[in-house]
$ cat coords_34.cif   # mmCIF, C-alpha atoms and all ligand atoms
data_start
loop_
_atom_site.group_PDB
_atom_site.id
_atom_site.type_symbol
_atom_site.label_atom_id
_atom_site.label_comp_id
_atom_site.auth_asym_id
_atom_site.auth_seq_id
_atom_site.Cartn_x
_atom_site.Cartn_y
_atom_site.Cartn_z
ATOM 1 C CA MET A 1 100.079 124.543 124.941
ATOM 2 C CA GLN A 2 98.038 127.150 126.778
ATOM 3 C CA ILE A 3 96.585 129.861 124.535
ATOM 4 C CA GLN A 4 94.249 132.800 125.020
ATOM 5 C CA LEU A 5 91.687 133.790 122.428
ATOM 6 C CA LYS A 6 88.893 136.338 122.392
ATOM 7 C CA VAL A 7 85.913 134.420 121.055
ATOM 8 C CA ASN A 8 82.598 136.152 120.397
ATOM 9 C CA GLY A 9 83.681 138.958 122.709
ATOM 10 C CA GLU A 10 84.685 136.695 125.615
ATOM 11 C CA PRO A 11 88.265 135.904 126.700
ATOM 12 C CA ARG A 12 88.776 132.144 126.460
ATOM 13 C CA SER A 13 91.740 130.130 127.653
ATOM 14 C CA LEU A 14 92.434 126.679 126.288
ATOM 15 C CA ASP A 15 95.059 123.999 126.449
ATOM 16 C CA VAL A 16 95.666 122.519 123.008
ATOM 17 C CA ASP A 17 98.012 120.102 121.321
ATOM 18 C CA PRO A 18 100.101 122.241 118.908
ATOM 19 C CA ARG A 19 98.643 120.235 115.992
ATOM 20 C CA THR A 20 95.050 121.244 116.807
ATOM 21 C CA THR A 21 93.361 123.229 114.069
ATOM 22 C CA LEU A 22 91.449 126.359 114.964
ATOM 23 C CA LEU A 23 88.267 124.604 113.818
ATOM 24 C CA ASP A 24 88.833 121.667 116.163
ATOM 25 C CA ALA A 25 89.753 124.009 119.011
ATOM 26 C CA LEU A 26 86.471 125.894 118.587
ATOM 27 C CA ARG A 27 84.339 122.791 118.209
ATOM 28 C CA ASN A 28 86.020 120.345 120.574
ATOM 29 C CA HIS A 29 87.590 122.568 123.235
ATOM 30 C CA LEU A 30 85.091 125.434 123.381
ATOM 31 C CA ASP A 31 81.924 123.541 122.350
ATOM 32 C CA LEU A 32 81.211 126.087 119.631
ATOM 33 C CA THR A 33 79.848 123.600 117.123
ATOM 34 C CA GLY A 34 78.270 126.135 114.767
ATOM 35 C CA SER A 35 81.372 126.095 112.562
ATOM 36 C CA LYS A 36 81.169 122.902 110.555
ATOM 37 C CA LYS A 37 83.787 120.449 109.301
ATOM 38 C CA GLY A 38 82.835 119.722 105.723
ATOM 39 C CA CYS A 39 86.035 118.792 103.910
ATOM 40 C CA ASP A 40 88.800 119.662 106.425
ATOM 41 C CA HIS A 41 90.897 120.677 103.397
ATOM 42 C CA GLY A 42 89.995 124.300 102.681
ATOM 43 C CA GLN A 43 87.661 123.412 99.839
ATOM 44 C CA CYS A 44 84.093 123.855 101.112
ATOM 45 C CA GLY A 45 83.956 126.909 103.401
ATOM 46 C CA ALA A 46 81.739 125.211 106.010
ATOM 47 C CA CYS A 47 84.317 126.102 108.685
ATOM 48 C CA THR A 48 84.486 129.821 107.822
ATOM 49 C CA ILE A 49 84.907 132.115 110.815
ATOM 50 C CA ILE A 50 85.846 135.790 111.142
ATOM 51 C CA LEU A 51 89.365 136.336 112.479
ATOM 52 C CA ASN A 52 90.322 139.893 113.373
ATOM 53 C CA GLY A 53 87.622 141.110 110.971
ATOM 54 C CA ARG A 54 88.509 138.869 108.028
ATOM 55 C CA ARG A 55 86.980 135.583 106.969
ATOM 56 C CA ILE A 56 89.180 132.522 106.991
ATOM 57 C CA ASN A 57 88.813 128.770 106.713
ATOM 58 C CA SER A 58 89.409 127.680 110.297
ATOM 59 C CA CYS A 59 90.316 124.125 109.202
ATOM 60 C CA LEU A 60 93.454 125.483 107.533
ATOM 61 C CA SER A 61 94.883 127.250 110.557
ATOM 62 C CA LEU A 62 96.429 125.988 113.772
ATOM 63 C CA ALA A 63 94.961 127.238 117.038
ATOM 64 C CA VAL A 64 98.407 128.025 118.469
ATOM 65 C CA MET A 65 98.950 130.592 115.699
ATOM 66 C CA HIS A 66 96.203 132.784 117.142
ATOM 67 C CA GLU A 67 97.302 133.856 120.592
ATOM 68 C CA GLY A 68 95.314 136.992 121.488
ATOM 69 C CA ASP A 69 93.307 137.023 118.254
ATOM 70 C CA GLU A 70 89.648 138.028 118.026
ATOM 71 C CA ILE A 71 87.380 135.383 116.615
ATOM 72 C CA THR A 72 83.731 135.569 115.675
ATOM 73 C CA THR A 73 81.816 132.373 114.985
ATOM 74 C CA VAL A 74 78.213 132.115 113.881
ATOM 75 C CA GLU A 75 77.261 131.910 117.574
ATOM 76 C CA GLY A 76 78.589 135.461 117.988
ATOM 77 C CA ILE A 77 76.706 136.885 115.012
ATOM 78 C CA GLY A 78 73.156 136.280 116.175
ATOM 79 C CA GLN A 79 70.971 134.246 118.464
ATOM 80 C CA PRO A 80 67.483 132.766 118.171
ATOM 81 C CA GLY A 81 65.157 135.725 118.623
ATOM 82 C CA ALA A 82 67.946 138.189 117.819
ATOM 83 C CA LEU A 83 69.123 137.198 114.360
ATOM 84 C CA SER A 84 71.542 139.326 112.390
ATOM 85 C CA PRO A 85 70.085 140.956 109.248
ATOM 86 C CA LEU A 86 71.757 138.292 107.119
ATOM 87 C CA GLN A 87 70.461 135.414 109.226
ATOM 88 C CA ASP A 88 66.985 136.921 109.067
ATOM 89 C CA ALA A 89 67.271 137.305 105.273
ATOM 90 C CA PHE A 90 68.464 133.686 104.881
ATOM 91 C CA VAL A 91 65.338 132.539 106.725
ATOM 92 C CA ARG A 92 62.970 134.746 104.722
ATOM 93 C CA HIS A 93 64.565 133.837 101.376
ATOM 94 C CA ASP A 94 64.713 130.139 102.209
ATOM 95 C CA GLY A 95 68.503 130.249 101.791
ATOM 96 C CA TYR A 96 69.236 126.846 103.244
ATOM 97 C CA GLN A 97 68.039 123.295 103.077
ATOM 98 C CA CYS A 98 70.024 120.955 105.350
ATOM 99 C CA GLY A 99 71.714 124.010 106.885
ATOM 100 C CA PHE A 100 75.144 122.373 107.173
ATOM 101 C CA CYS A 101 76.861 125.044 105.094
ATOM 102 C CA THR A 102 74.816 127.894 106.563
ATOM 103 C CA PRO A 103 77.080 128.947 109.482
ATOM 104 C CA GLY A 104 79.994 129.267 107.060
ATOM 105 C CA GLN A 105 77.825 131.085 104.534
ATOM 106 C CA ILE A 106 76.668 133.551 107.202
ATOM 107 C CA CYS A 107 80.196 134.222 108.517
ATOM 108 C CA SER A 108 81.560 134.540 105.004
ATOM 109 C CA ALA A 109 78.777 136.837 103.797
ATOM 110 C CA THR A 110 79.009 139.001 106.926
ATOM 111 C CA ALA A 111 82.717 139.662 106.325
ATOM 112 C CA MET A 112 82.233 139.865 102.555
ATOM 113 C CA LEU A 113 79.776 142.753 102.858
ATOM 114 C CA ASP A 114 82.402 144.620 104.890
ATOM 115 C CA GLU A 115 84.939 143.968 102.102
ATOM 116 C CA VAL A 116 82.517 145.427 99.548
ATOM 117 C CA LYS A 117 81.878 148.444 101.790
ATOM 118 C CA ALA A 118 85.629 148.970 102.051
ATOM 119 C CA GLY A 119 85.841 149.017 98.236
ATOM 120 C CA TRP A 120 87.799 145.794 97.803
ATOM 121 C CA PRO A 121 87.488 144.565 94.211
ATOM 122 C CA SER A 122 86.922 140.916 93.313
ATOM 123 C CA ASN A 123 88.064 138.915 90.316
ATOM 124 C CA VAL A 124 84.956 140.000 88.371
ATOM 125 C CA SER A 125 84.899 143.684 89.361
ATOM 126 C CA GLU A 126 85.020 145.973 86.346
ATOM 127 C CA ASP A 127 86.465 148.850 88.322
ATOM 128 C CA LEU A 128 89.354 148.132 90.670
ATOM 129 C CA GLU A 129 88.891 151.353 92.623
ATOM 130 C CA GLY A 130 85.970 153.138 94.222
ATOM 131 C CA THR A 131 82.543 151.829 95.140
ATOM 132 C CA GLN A 132 81.837 148.208 94.278
ATOM 133 C CA SER A 133 78.299 147.370 93.198
ATOM 134 C CA LEU A 134 76.850 144.185 94.580
ATOM 135 C CA THR A 135 75.667 142.447 91.416
ATOM 136 C CA ASN A 136 74.712 138.763 91.410
ATOM 137 C CA ASP A 137 78.015 138.014 89.645
ATOM 138 C CA GLU A 138 79.907 139.840 92.389
ATOM 139 C CA ILE A 139 78.081 137.932 95.114
ATOM 140 C CA SER A 140 78.667 134.586 93.391
ATOM 141 C CA GLU A 141 82.362 135.294 92.885
ATOM 142 C CA ARG A 142 82.914 136.606 96.395
ATOM 143 C CA MET A 143 81.043 133.652 97.929
ATOM 144 C CA SER A 144 82.650 131.041 95.666
ATOM 145 C CA GLY A 145 84.643 129.591 98.558
ATOM 146 C CA ASN A 146 81.430 128.462 100.251
ATOM 147 C CA LEU A 147 79.912 125.356 98.738
ATOM 148 C CA CYS A 148 76.359 124.163 99.349
ATOM 149 C CA ARG A 149 75.675 120.513 98.646
ATOM 150 C CA CYS A 150 71.934 121.248 98.592
ATOM 151 C CA ALA A 151 72.472 123.972 95.961
ATOM 152 C CA ALA A 152 70.474 126.664 97.732
ATOM 153 C CA TYR A 153 72.608 129.192 95.893
ATOM 154 C CA ALA A 154 69.876 131.234 94.201
ATOM 155 C CA ASN A 155 68.197 131.982 97.519
ATOM 156 C CA ILE A 156 71.516 132.605 99.282
ATOM 157 C CA VAL A 157 72.392 135.201 96.641
ATOM 158 C CA ASP A 158 68.965 136.831 97.030
ATOM 159 C CA ALA A 159 69.402 137.043 100.806
ATOM 160 C CA ILE A 160 72.862 138.585 100.538
ATOM 161 C CA ALA A 161 71.732 141.004 97.819
ATOM 162 C CA GLU A 162 68.864 142.209 99.977
ATOM 163 C CA VAL A 163 71.084 142.923 102.967
ATOM 164 C CA GLY A 164 73.975 144.266 100.903
ATOM 165 C CA GLY A 165 71.639 146.544 98.993
ATOM 166 C CA LYS A 166 70.246 147.981 102.177
ATOM 167 C CA GLU A 167 73.623 148.863 103.652
HETATM 168 S S1 LIG B 201 86.010 122.263 106.437
HETATM 169 FE FE1 LIG B 201 87.286 123.969 106.127
HETATM 170 S S2 LIG B 201 87.017 124.475 104.045
HETATM 171 FE FE2 LIG B 201 85.895 122.610 104.278
HETATM 172 S S1 LIG B 202 71.932 123.936 102.791
HETATM 173 FE FE1 LIG B 202 72.664 121.901 102.751
HETATM 174 S S2 LIG B 202 74.748 122.148 102.309
HETATM 175 FE FE2 LIG B 202 73.962 124.092 102.058
#
$ encode --input "coords_34.cif" --output "structure tokens"
Amino acid sequence: MQIQLKVNGEPRSLDVDPRTTLLDALRNHLDLTGSKKGCDHGQCGACTIILNGRRINSCLSLAVMHEGDEITTVEGIGQPGALSPLQDAFVRHDGYQCGFCTPGQICSATAMLDEVKAGWPSNVSEDLEGTQSLTNDEISERMSGNLCRCAAYANIVDAIAEVGGKE
């Protein structure tokens, strides 16, 4: 099937088998290999992308469900020499080891900070309305869908806290 997507600000047209996941469409049809396939079952978060402003696991969604949708992958968030604040903070805080989970962590954290700004509570928020404070518990809970086999979690939390605190 022919579908049109807007990926990292660019209109993209692709011809996919209806069974193709969004993750495979991005990686195999559009050569955007930043999004990683960790588990392919919605359990690790390595494939996280931002779809119409919200983070999703792209391995759990079919490409044909997204006609006309706006997608941001890690390639659309920053580039070498022009890193996003979060990417820059991950580097400075040593927030990765092998880096396999990092694109998903960056996409997830980017959208998560917008959720906090919008006042969305999490499962550990004490107050369900109003401004949410970005405690370490809040960051851990909100990022719990992104696993890191190298366990760089402490530095990931520090990087997110720095950027979230500045916003
Ligand atoms: S590859 Fe999608 S959640 Fe693991
Ligand atoms: S840095 Fe290796 S999986 Fe997270």
$ atom_distance --input "coords_34.cif" --atom1 "atom CA of Ala89 of chain A" --atom2 "atom CA of Ala159 of chain A"
5.0 Å
$ axis_aligned_box --input "coords_34.cif" --around "ligand LIG 201 (chain B)" --padding-each-side "5 Å" --output "JSON"
{"center_x": 86.6, "center_y": 123.4, "center_z": 105.2, "size_x": 11.4, "size_y": 12.2, "size_z": 12.4}
$ resolve_selection --input "coords_34.cif" --expression "the PyMOL selection byres (((chain A and resi 140) around 12) and not hetatm)" --output "list in words"
Gln105, Ser108, Ala109, Met112, Ser122, Asn123, Val124, Ser125, Leu134, Thr135, Asn136, Asp137, Glu138, Ile139, Glu141, Arg142, Met143, Ser144, Gly145, Asn146, Leu147, Tyr153, Ala154, Asn155, Ile156, Val157, Asp158, Ile160 and Ala161 of chain A
$ closest_residue --input "coords_34.cif" --among "A:Ser35, A:Thr131, A:Ser58, A:Ser84" --to "Gly99 of chain A" --atoms "all atoms listed in the file"
A:Ser35
$ closest_atom_pairs --input "coords_34.cif" --of "chain A" --to "ligand LIG 202 (chain B)" --cutoff "8 Å" --atoms "all atoms listed in the file" --output "Markdown table"
| residue | atom | partner | partner_atom | distance |
| --- | --- | --- | --- | --- |
| A:Gly95 | CA | B:LIG202 | S1 | 7.3 |
| A:Tyr96 | CA | B:LIG202 | S1 | 4.0 |
| A:Gln97 | CA | B:LIG202 | S1 | 4.0 |
| A:Cys98 | CA | B:LIG202 | FE1 | 3.8 |
| A:Gly99 | CA | B:LIG202 | S1 | 4.1 |
| A:Phe100 | CA | B:LIG202 | S2 | 4.9 |
| A:Cys101 | CA | B:LIG202 | FE2 | 4.3 |
| A:Thr102 | CA | B:LIG202 | FE2 | 6.0 |
| A:Leu147 | CA | B:LIG202 | FE2 | 6.9 |
| A:Cys148 | CA | B:LIG202 | FE2 | 3.6 |
| A:Arg149 | CA | B:LIG202 | S2 | 4.1 |
| A:Cys150 | CA | B:LIG202 | FE1 | 4.3 |
| A:Ala151 | CA | B:LIG202 | FE2 | 6.3 |
| A:Ala152 | CA | B:LIG202 | S1 | 5.9 |
$ write_last_selection --input "coords_34.cif" --atoms "C-alpha atoms" --output "PDB file, in the frame of the given file"
ATOM      1  CA  GLY A  95      68.503 130.249 101.791  1.00  0.00           C
ATOM      2  CA  TYR A  96      69.236 126.846 103.244  1.00  0.00           C
ATOM      3  CA  GLN A  97      68.039 123.295 103.077  1.00  0.00           C
ATOM      4  CA  CYS A  98      70.024 120.955 105.350  1.00  0.00           C
ATOM      5  CA  GLY A  99      71.714 124.010 106.885  1.00  0.00           C
ATOM      6  CA  PHE A 100      75.144 122.373 107.173  1.00  0.00           C
ATOM      7  CA  CYS A 101      76.861 125.044 105.094  1.00  0.00           C
ATOM      8  CA  THR A 102      74.816 127.894 106.563  1.00  0.00           C
ATOM      9  CA  LEU A 147      79.912 125.356  98.738  1.00  0.00           C
ATOM     10  CA  CYS A 148      76.359 124.163  99.349  1.00  0.00           C
ATOM     11  CA  ARG A 149      75.675 120.513  98.646  1.00  0.00           C
ATOM     12  CA  CYS A 150      71.934 121.248  98.592  1.00  0.00           C
ATOM     13  CA  ALA A 151      72.472 123.972  95.961  1.00  0.00           C
ATOM     14  CA  ALA A 152      70.474 126.664  97.732  1.00  0.00           C
TER      15      ALA A 152
END
$ atom_distance --input "coords_34.cif" --atom1 "atom CA of Leu26 of chain A" --atom2 "atom CA of Leu62 of chain A"
11.1 Å
